[in-house]
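Pasted below: target.pdb, PDB, C-alpha atoms and all ligand atoms.
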ATOM      1  CA  MET A 264      18.774  10.523  14.143
ATOM      2  CA  THR A 265      19.130   7.146  12.424
ATOM      3  CA  ARG A 266      19.728   6.845   8.686
ATOM      4  CA  PHE A 267      16.146   5.769   8.183
ATOM      5  CA  GLU A 268      14.792   8.715  10.187
ATOM      6  CA  THR A 269      16.981  11.086   8.202
ATOM      7  CA  ARG A 270      15.551   9.713   4.954
ATOM      8  CA  VAL A 271      11.995   9.945   6.282
ATOM      9  CA  ASP A 272      12.603  13.528   7.347
ATOM     10  CA  TRP A 273      13.896  14.370   3.897
ATOM     11  CA  LEU A 274      10.974  12.675   2.200
ATOM     12  CA  LEU A 275       8.410  14.464   4.349
ATOM     13  CA  ASN A 276      10.101  17.774   3.598
ATOM     14  CA  SER A 277       9.909  16.954  -0.098
ATOM     15  CA  TYR A 278       6.106  16.930  -0.139
ATOM     16  CA  PRO A 279       5.649  20.399  -1.640
ATOM     17  CA  LEU A 280       8.082  19.614  -4.449
ATOM     18  CA  LEU A 281       6.357  16.333  -5.266
ATOM     19  CA  THR A 282       2.874  17.834  -5.221
ATOM     20  CA  LEU A 283       3.988  20.814  -7.312
ATOM     21  CA  GLU A 284       4.888  18.336 -10.006
ATOM     22  CA  GLY A 285       1.234  17.440 -10.104
ATOM     23  CA  ARG A 286       1.654  13.746  -9.586
ATOM     24  CA  CYS A 287       1.824  11.454  -6.661
ATOM     25  CA  PRO A 288       4.233   8.615  -7.362
ATOM     26  CA  VAL A 289       2.645   6.383  -4.737
ATOM     27  CA  GLY A 290      -0.824   4.974  -4.972
ATOM     28  CA  CYS A 291      -2.451   7.618  -7.049
ATOM     29  CA  TYR A 292      -0.193   7.657 -10.105
ATOM     30  CA  PHE A 293      -2.694   5.805 -12.205
ATOM     31  CA  ARG A 294      -5.485   8.051 -11.123
ATOM     32  CA  ALA A 295      -3.384  10.967 -12.337
ATOM     33  CA  ALA A 296      -2.752   9.078 -15.574
ATOM     34  CA  LEU A 297      -6.456   8.421 -16.029
ATOM     35  CA  ASP A 298      -7.209  12.094 -15.477
ATOM     36  CA  ARG A 299      -4.928  13.056 -18.351
ATOM     37  CA  PRO A 300      -6.338  13.373 -21.868
ATOM     38  CA  ALA A 301      -5.786  10.166 -23.829
ATOM     39  CA  GLU A 302      -3.476  11.880 -26.302
ATOM     40  CA  ALA A 303      -1.200  12.943 -23.464
ATOM     41  CA  ASP A 304      -0.328   9.327 -22.728
ATOM     42  CA  ASN A 305       2.946   8.152 -24.151
ATOM     43  CA  SER A 306       5.010   5.002 -24.097
ATOM     44  CA  ALA A 307       7.583   6.444 -21.706
ATOM     45  CA  ALA A 308       4.921   7.093 -19.115
ATOM     46  CA  MET A 309       3.498   3.630 -19.639
ATOM     47  CA  THR A 310       6.952   2.089 -19.196
ATOM     48  CA  ASN A 311       7.348   3.858 -15.884
ATOM     49  CA  ASP A 312       3.862   2.837 -14.828
ATOM     50  CA  HIS A 313       4.634  -0.804 -15.431
ATOM     51  CA  ASP A 314       8.094  -0.873 -13.905
ATOM     52  CA  THR A 315       7.423  -2.448 -10.512
ATOM     53  CA  THR A 316      11.081  -2.187  -9.533
ATOM     54  CA  LYS A 317      11.222   1.579 -10.042
ATOM     55  CA  PRO A 318      11.490   3.316  -6.658
ATOM     56  CA  ARG A 319       8.480   5.462  -6.001
ATOM     57  CA  PRO A 320       9.048   7.920  -3.177
ATOM     58  CA  PRO A 321       6.318   8.479  -0.627
ATOM     59  CA  CYS A 322       4.499  11.728  -0.910
ATOM     60  CA  GLY A 323       1.948  13.788   0.887
ATOM     61  CA  ARG A 324      -1.507  14.480  -0.472
ATOM     62  CA  PRO A 325      -3.229  17.387   1.233
ATOM     63  CA  ASP A 326      -6.468  16.199  -0.364
ATOM     64  CA  MET A 327      -6.149  12.733   1.154
ATOM     65  CA  PRO A 328      -6.720  11.721   4.802
ATOM     66  CA  SER A 329      -3.667  11.913   7.063
ATOM     67  CA  ASP A 330      -4.965   9.152   9.321
ATOM     68  CA  PRO A 331      -3.262   5.961   8.062
ATOM     69  CA  MET A 332      -6.361   3.725   8.098
ATOM     70  CA  GLU A 333      -8.532   6.402   6.527
ATOM     71  CA  ARG A 334      -5.894   6.853   3.839
ATOM     72  CA  ALA A 335      -5.853   3.092   3.234
ATOM     73  CA  PHE A 336      -9.619   3.193   2.701
ATOM     74  CA  ALA A 337      -9.259   6.163   0.351
ATOM     75  CA  GLU A 338      -6.712   4.172  -1.660
ATOM     76  CA  ALA A 339      -9.082   1.173  -1.721
ATOM     77  CA  GLU A 340     -11.853   3.377  -3.090
ATOM     78  CA  ALA A 341      -9.480   4.764  -5.717
ATOM     79  CA  ALA A 342      -8.472   1.207  -6.664
ATOM     80  CA  CYS A 343     -12.147   0.305  -7.040
ATOM     81  CA  ALA A 344     -12.628   3.251  -9.407
ATOM     82  CA  ARG A 345      -9.784   1.862 -11.538
ATOM     83  CA  GLY A 346     -11.458  -1.551 -11.712
ATOM     84  CA  GLU A 347      -9.101  -3.121  -9.193
ATOM     85  CA  VAL A 348     -10.164  -5.240  -6.239
ATOM     86  CA  PRO A 349     -10.668  -2.537  -3.607
ATOM     87  CA  VAL A 350      -7.806  -3.003  -1.191
ATOM     88  CA  GLY A 351      -5.659  -0.144   0.052
ATOM     89  CA  ALA A 352      -2.499  -0.105   2.154
ATOM     90  CA  VAL A 353      -0.306   2.395   3.945
ATOM     91  CA  ILE A 354       3.080   2.336   5.617
ATOM     92  CA  ALA A 355       3.237   4.760   8.515
ATOM     93  CA  ASP A 356       6.213   5.607  10.683
ATOM     94  CA  GLY A 357       6.249   5.305  14.463
ATOM     95  CA  ALA A 358       4.526   8.681  14.783
ATOM     96  CA  GLY A 359       1.689   7.615  12.482
ATOM     97  CA  ARG A 360       2.829   9.715   9.531
ATOM     98  CA  VAL A 361       1.946   8.236   6.145
ATOM     99  CA  LEU A 362       5.137   7.303   4.278
ATOM    100  CA  ALA A 363       3.596   5.413   1.382
ATOM    101  CA  ALA A 364       0.066   4.668   0.237
ATOM    102  CA  ALA A 365      -1.274   2.544  -2.586
ATOM    103  CA  GLY A 366      -4.225   0.563  -3.799
ATOM    104  CA  ASN A 367      -4.084  -2.671  -5.747
ATOM    105  CA  GLU A 368      -2.529  -2.245  -9.212
ATOM    106  CA  VAL A 369      -2.726  -5.846 -10.398
ATOM    107  CA  GLU A 370      -4.776  -5.113 -13.527
ATOM    108  CA  GLN A 371      -2.961  -1.935 -14.584
ATOM    109  CA  ARG A 372       0.434  -3.545 -14.242
ATOM    110  CA  ASN A 373      -0.610  -7.008 -15.392
ATOM    111  CA  ASP A 374       1.252  -8.079 -12.294
ATOM    112  CA  PRO A 375      -0.386 -10.613  -9.979
ATOM    113  CA  THR A 376       1.973  -9.555  -7.196
ATOM    114  CA  ALA A 377       1.051  -5.858  -7.340
ATOM    115  CA  HIS A 378      -1.034  -6.044  -4.181
ATOM    116  CA  ALA A 379      -1.366  -2.782  -2.257
ATOM    117  CA  GLU A 380       0.838  -4.094   0.562
ATOM    118  CA  MET A 381       3.656  -5.089  -1.804
ATOM    119  CA  LEU A 382       3.582  -1.665  -3.444
ATOM    120  CA  VAL A 383       3.867   0.269  -0.193
ATOM    121  CA  LEU A 384       6.559  -2.036   1.195
ATOM    122  CA  ARG A 385       8.615  -1.658  -1.980
ATOM    123  CA  ALA A 386       8.077   2.097  -2.131
ATOM    124  CA  THR A 387       9.116   2.652   1.460
ATOM    125  CA  THR A 388      12.192   0.448   1.439
ATOM    126  CA  ALA A 389      13.348   1.851  -1.894
ATOM    127  CA  ALA A 390      12.851   5.453  -0.780
ATOM    128  CA  ALA A 391      14.478   4.852   2.585
ATOM    129  CA  GLY A 392      17.397   2.921   1.120
ATOM    130  CA  ALA A 393      16.764   0.197   3.670
ATOM    131  CA  THR A 394      15.416  -3.334   3.659
ATOM    132  CA  ARG A 395      13.991  -3.195   7.171
ATOM    133  CA  LEU A 396      11.116  -1.064   8.375
ATOM    134  CA  GLU A 397      11.372  -1.904  12.061
ATOM    135  CA  ASP A 398       9.676   1.261  13.316
ATOM    136  CA  CYS A 399       6.921   1.184  10.730
ATOM    137  CA  ASP A 400       3.366  -0.109  10.711
ATOM    138  CA  LEU A 401       1.442  -1.570   7.804
ATOM    139  CA  TYR A 402      -2.213  -0.573   7.549
ATOM    140  CA  VAL A 403      -4.361  -2.487   5.099
ATOM    141  CA  THR A 404      -8.094  -2.714   4.552
ATOM    142  CA  LEU A 405      -8.114  -6.513   4.149
ATOM    143  CA  GLU A 406      -6.275  -9.371   5.832
ATOM    144  CA  PRO A 407      -2.994  -9.767   3.932
ATOM    145  CA  CYS A 408      -2.571 -12.819   1.727
ATOM    146  CA  PRO A 409       0.319 -15.237   2.423
ATOM    147  CA  MET A 410       2.623 -13.413  -0.020
ATOM    148  CA  CYS A 411       2.078 -10.017   1.583
ATOM    149  CA  ALA A 412       2.254 -11.412   5.114
ATOM    150  CA  ALA A 413       5.617 -13.005   4.307
ATOM    151  CA  ALA A 414       6.849  -9.779   2.701
ATOM    152  CA  ALA A 415       5.842  -7.771   5.780
ATOM    153  CA  SER A 416       7.745 -10.222   7.943
ATOM    154  CA  LEU A 417      10.841  -9.961   5.739
ATOM    155  CA  ALA A 418      10.611  -6.161   5.950
ATOM    156  CA  ARG A 419      10.425  -6.460   9.742
ATOM    157  CA  VAL A 420       7.397  -4.194  10.039
ATOM    158  CA  ARG A 421       6.504  -3.546  13.653
ATOM    159  CA  ARG A 422       2.756  -3.980  13.412
ATOM    160  CA  ILE A 423       0.049  -4.906  10.928
ATOM    161  CA  ILE A 424      -3.343  -3.278  11.348
ATOM    162  CA  TYR A 425      -5.918  -4.724   9.012
ATOM    163  CA  GLY A 426      -9.631  -4.412   8.282
ATOM    164  CA  ALA A 427     -11.773  -7.307   7.112
ATOM    165  CA  TYR A 428     -10.876 -10.924   7.723
ATOM    166  CA  ASP A 429     -10.295 -12.946   4.571
ATOM    167  CA  PRO A 430     -11.167 -16.605   5.235
ATOM    168  CA  LYS A 431     -10.715 -17.510   1.536
ATOM    169  CA  SER A 432      -7.344 -15.913   0.746
ATOM    170  CA  GLY A 433      -5.931 -14.511   3.985
ATOM    171  CA  GLY A 434      -2.576 -15.646   5.277
ATOM    172  CA  VAL A 435      -2.410 -14.114   8.760
ATOM    173  CA  ASP A 436      -5.421 -15.441  10.682
ATOM    174  CA  HIS A 437      -6.533 -17.902   8.003
ATOM    175  CA  GLY A 438      -4.972 -20.366   5.570
ATOM    176  CA  PRO A 439      -1.221 -20.726   6.088
ATOM    177  CA  ARG A 440      -1.143 -18.374   9.128
ATOM    178  CA  VAL A 441       2.324 -17.287   8.056
ATOM    179  CA  PHE A 442       3.410 -15.810  11.378
ATOM    180  CA  ALA A 443       2.557 -18.971  13.328
ATOM    181  CA  HIS A 444       5.308 -21.025  11.716
ATOM    182  CA  ALA A 445       8.736 -21.658  13.227
ATOM    183  CA  THR A 446      10.246 -20.722   9.868
ATOM    184  CA  CYS A 447       8.891 -17.189  10.252
ATOM    185  CA  HIS A 448      11.664 -15.224  11.917
ATOM    186  CA  HIS A 449       9.816 -11.986  12.541
ATOM    187  CA  LYS A 450       6.227 -11.916  13.728
ATOM    188  CA  PRO A 451       4.709  -8.439  13.548
ATOM    189  CA  ASP A 452       2.103  -7.535  16.138
ATOM    190  CA  VAL A 453      -1.315  -7.884  14.528
ATOM    191  CA  VAL A 454      -4.442  -5.820  15.120
ATOM    192  CA  ALA A 455      -7.314  -7.356  13.149
ATOM    193  CA  GLY A 456     -10.852  -6.360  12.297
ATOM    194  CA  VAL A 457     -10.384  -2.566  12.250
ATOM    195  CA  GLN A 458     -13.432  -1.139  10.438
ATOM    196  CA  ALA A 459     -14.002  -4.653   9.118
ATOM    197  CA  ALA A 460     -17.641  -4.053   8.151
ATOM    198  CA  ARG A 461     -16.689  -1.054   6.025
ATOM    199  CA  SER A 462     -14.085  -3.071   4.146
ATOM    200  CA  GLU A 463     -16.397  -6.066   3.722
ATOM    201  CA  LYS A 464     -19.116  -3.870   2.249
ATOM    202  CA  MET A 465     -16.678  -2.314  -0.218
ATOM    203  CA  LEU A 466     -15.527  -5.745  -1.381
ATOM    204  CA  LYS A 467     -19.049  -7.199  -1.555
ATOM    205  CA  ASP A 468     -20.307  -4.236  -3.588
ATOM    206  CA  PHE A 469     -17.345  -4.530  -5.941
ATOM    207  CA  PHE A 470     -17.830  -8.226  -6.674
ATOM    208  CA  ALA A 471     -21.626  -7.888  -6.863
ATOM    209  CA  ALA A 472     -21.220  -5.201  -9.539
ATOM    210  CA  ARG A 473     -18.974  -7.502 -11.588
ATOM    211  CA  ARG A 474     -21.450 -10.376 -11.650
TER
HETATM  212 ZN    ZN B 501      -1.316  -9.842  -0.907
END
Translate the structure of the given file into structure tokens.
Amino acid sequence: MTRFETRVDWLLNSYPLLTLEGRCPVGCYFRAALDRPAEADNSAAMTNDHDTTKPRPPCGRPDMPSDPMERAFAEAEAACARGEVPVGAVIADGAGRVLAAAGNEVEQRNDPTAHAEMLVLRATTAAAGATRLEDCDLYVTLEPCPMCAAAASLARVRRIIYGAYDPKSGGVDHGPRVFAHATCHHKPDVVAGVQAARSEKMLKDFFAARR
């Protein structure tokens, strides 16, 4: 068993402990925060919420889908409910087990880089104590932007599976096409257009409601 696999094994076995604490540190932390009475909020919790460098271990959610793409969509819906652009992402190991899941947290964190993909990449590498996720796949409901595509390449993810194409802001099959450049030293396999219509509808509905 490699060091990474050992860490993953430990993290998966830690699910009951994490869920007993009543909070999921990945992806749904803000939902938990929103569910709390306002007076229960405190500055310490807010500091943790806004600390993007704080490692957030993956966790299991029996109430959330175990299928990685379904979980990504669930995270996108949760992001939408928080007023975030509805994009969700998941890192899964080689066996398809969800290691980290998150939706966009740009508004909550006041962090323009807090895209769902960045959050799950950071969470997984921090929890695994590794900078490379060679046996892992990134699932995301929308074509990653150039920043997230570059980050996935740096993390050496094996494969990117994404939903809707993003001709305006995408960086994989549109715009800079990050993986097509000679300066990109790791090109993940890409599977595009998975449940694209579902993702497009979610995004269209979100932006239509804001107009
Ligand atoms: Zn991005």
Evaluate the PyMOL selection byres (((not hetatm)) within 9 of (chain B and resi 501)) here and jot the selected residues down as a PyMOL selection string.
chain A and resi 376-381+406-412+414+432-434
Centre, edges in Å (one decimal): axis-aligned box, stretch 447-464 of chain A, 6 Å padding on all six sides, as AutoDock Vina command-line options:
--center_x -3.7 --center_y -9.1 --center_z 9.2 --size_x 42.8 --size_y 28.1 --size_z 25.9
Option closest in space to A:Ala358, from A:Val454, A:Ala335, A:Ala341, A:Cys399 [counting all atoms listed in the file]
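Nearest candidate to A:Ala358 out of A:Val454, A:Ala335, A:Ala341, A:Cys399: A:Cys399.
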Rounded to one decimal, what separation in Å do you get between atom CA of A:Ala413 and atom CA of A:Arg324?
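About the pair atom CA of A:Ala413 and atom CA of A:Arg324: they are 28.8 Å apart.
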Just so the selection is clear, what residues does the PyMOL selection byres (((chain A and resi 404) around 8) and not hetatm) cover here, as a ChimeraX atom specification?
/A:332,335-336,339,350-352,402-403,405-406,425-427,459,462
Would you mind reading off the distance between atom CA of A:Val348 and atom CA of A:Val369, one decimal, in Å?
8.5 Å
Would you compute the distance between atom CA of A:Ala389 and atom CA of A:Ala363? Give it in Å to one decimal.
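Taking atom CA of A:Ala389 as the start and atom CA of A:Ala363 as the end point, the length is 10.9 Å.
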Give me the result of the PyMOL selection byres (((chain A and resi 420) around 8) and not hetatm) on this file, residue by residue, as a PyMOL selection string.
chain A and resi 395-401+415-419+421-423+451
Restricting the calculation to all atoms listed in the file, which member of A:Lys431, A:Arg474, A:His437, A:Arg345 is positioned closest to A:Gln371?
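Going through A:Lys431, A:Arg474, A:His437, A:Arg345 one by one, the smallest distance to A:Gln371 is for A:Arg345.
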A:Arg473 environment, 12 Å, all atoms listed in the file, sequence neighbours closer than 5 positions dropped, as an MDAnalysis selection string:
chainID A and resid 343 346:348 466:468
Keeping only C-alpha atoms, write those residues as an mmCIF file, keeping the file's coordinate frame.
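Writing the result to result.cif gives the following:
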data_model
loop_
_atom_site.group_PDB
_atom_site.id
_atom_site.type_symbol
_atom_site.label_atom_id
_atom_site.label_comp_id
_atom_site.auth_asym_id
_atom_site.auth_seq_id
_atom_site.Cartn_x
_atom_site.Cartn_y
_atom_site.Cartn_z
ATOM 1 C CA CYS A 343 -12.147 0.305 -7.040
ATOM 2 C CA GLY A 346 -11.458 -1.551 -11.712
ATOM 3 C CA GLU A 347 -9.101 -3.121 -9.193
ATOM 4 C CA VAL A 348 -10.164 -5.240 -6.239
ATOM 5 C CA LEU A 466 -15.527 -5.745 -1.381
ATOM 6 C CA LYS A 467 -19.049 -7.199 -1.555
ATOM 7 C CA ASP A 468 -20.307 -4.236 -3.588
#
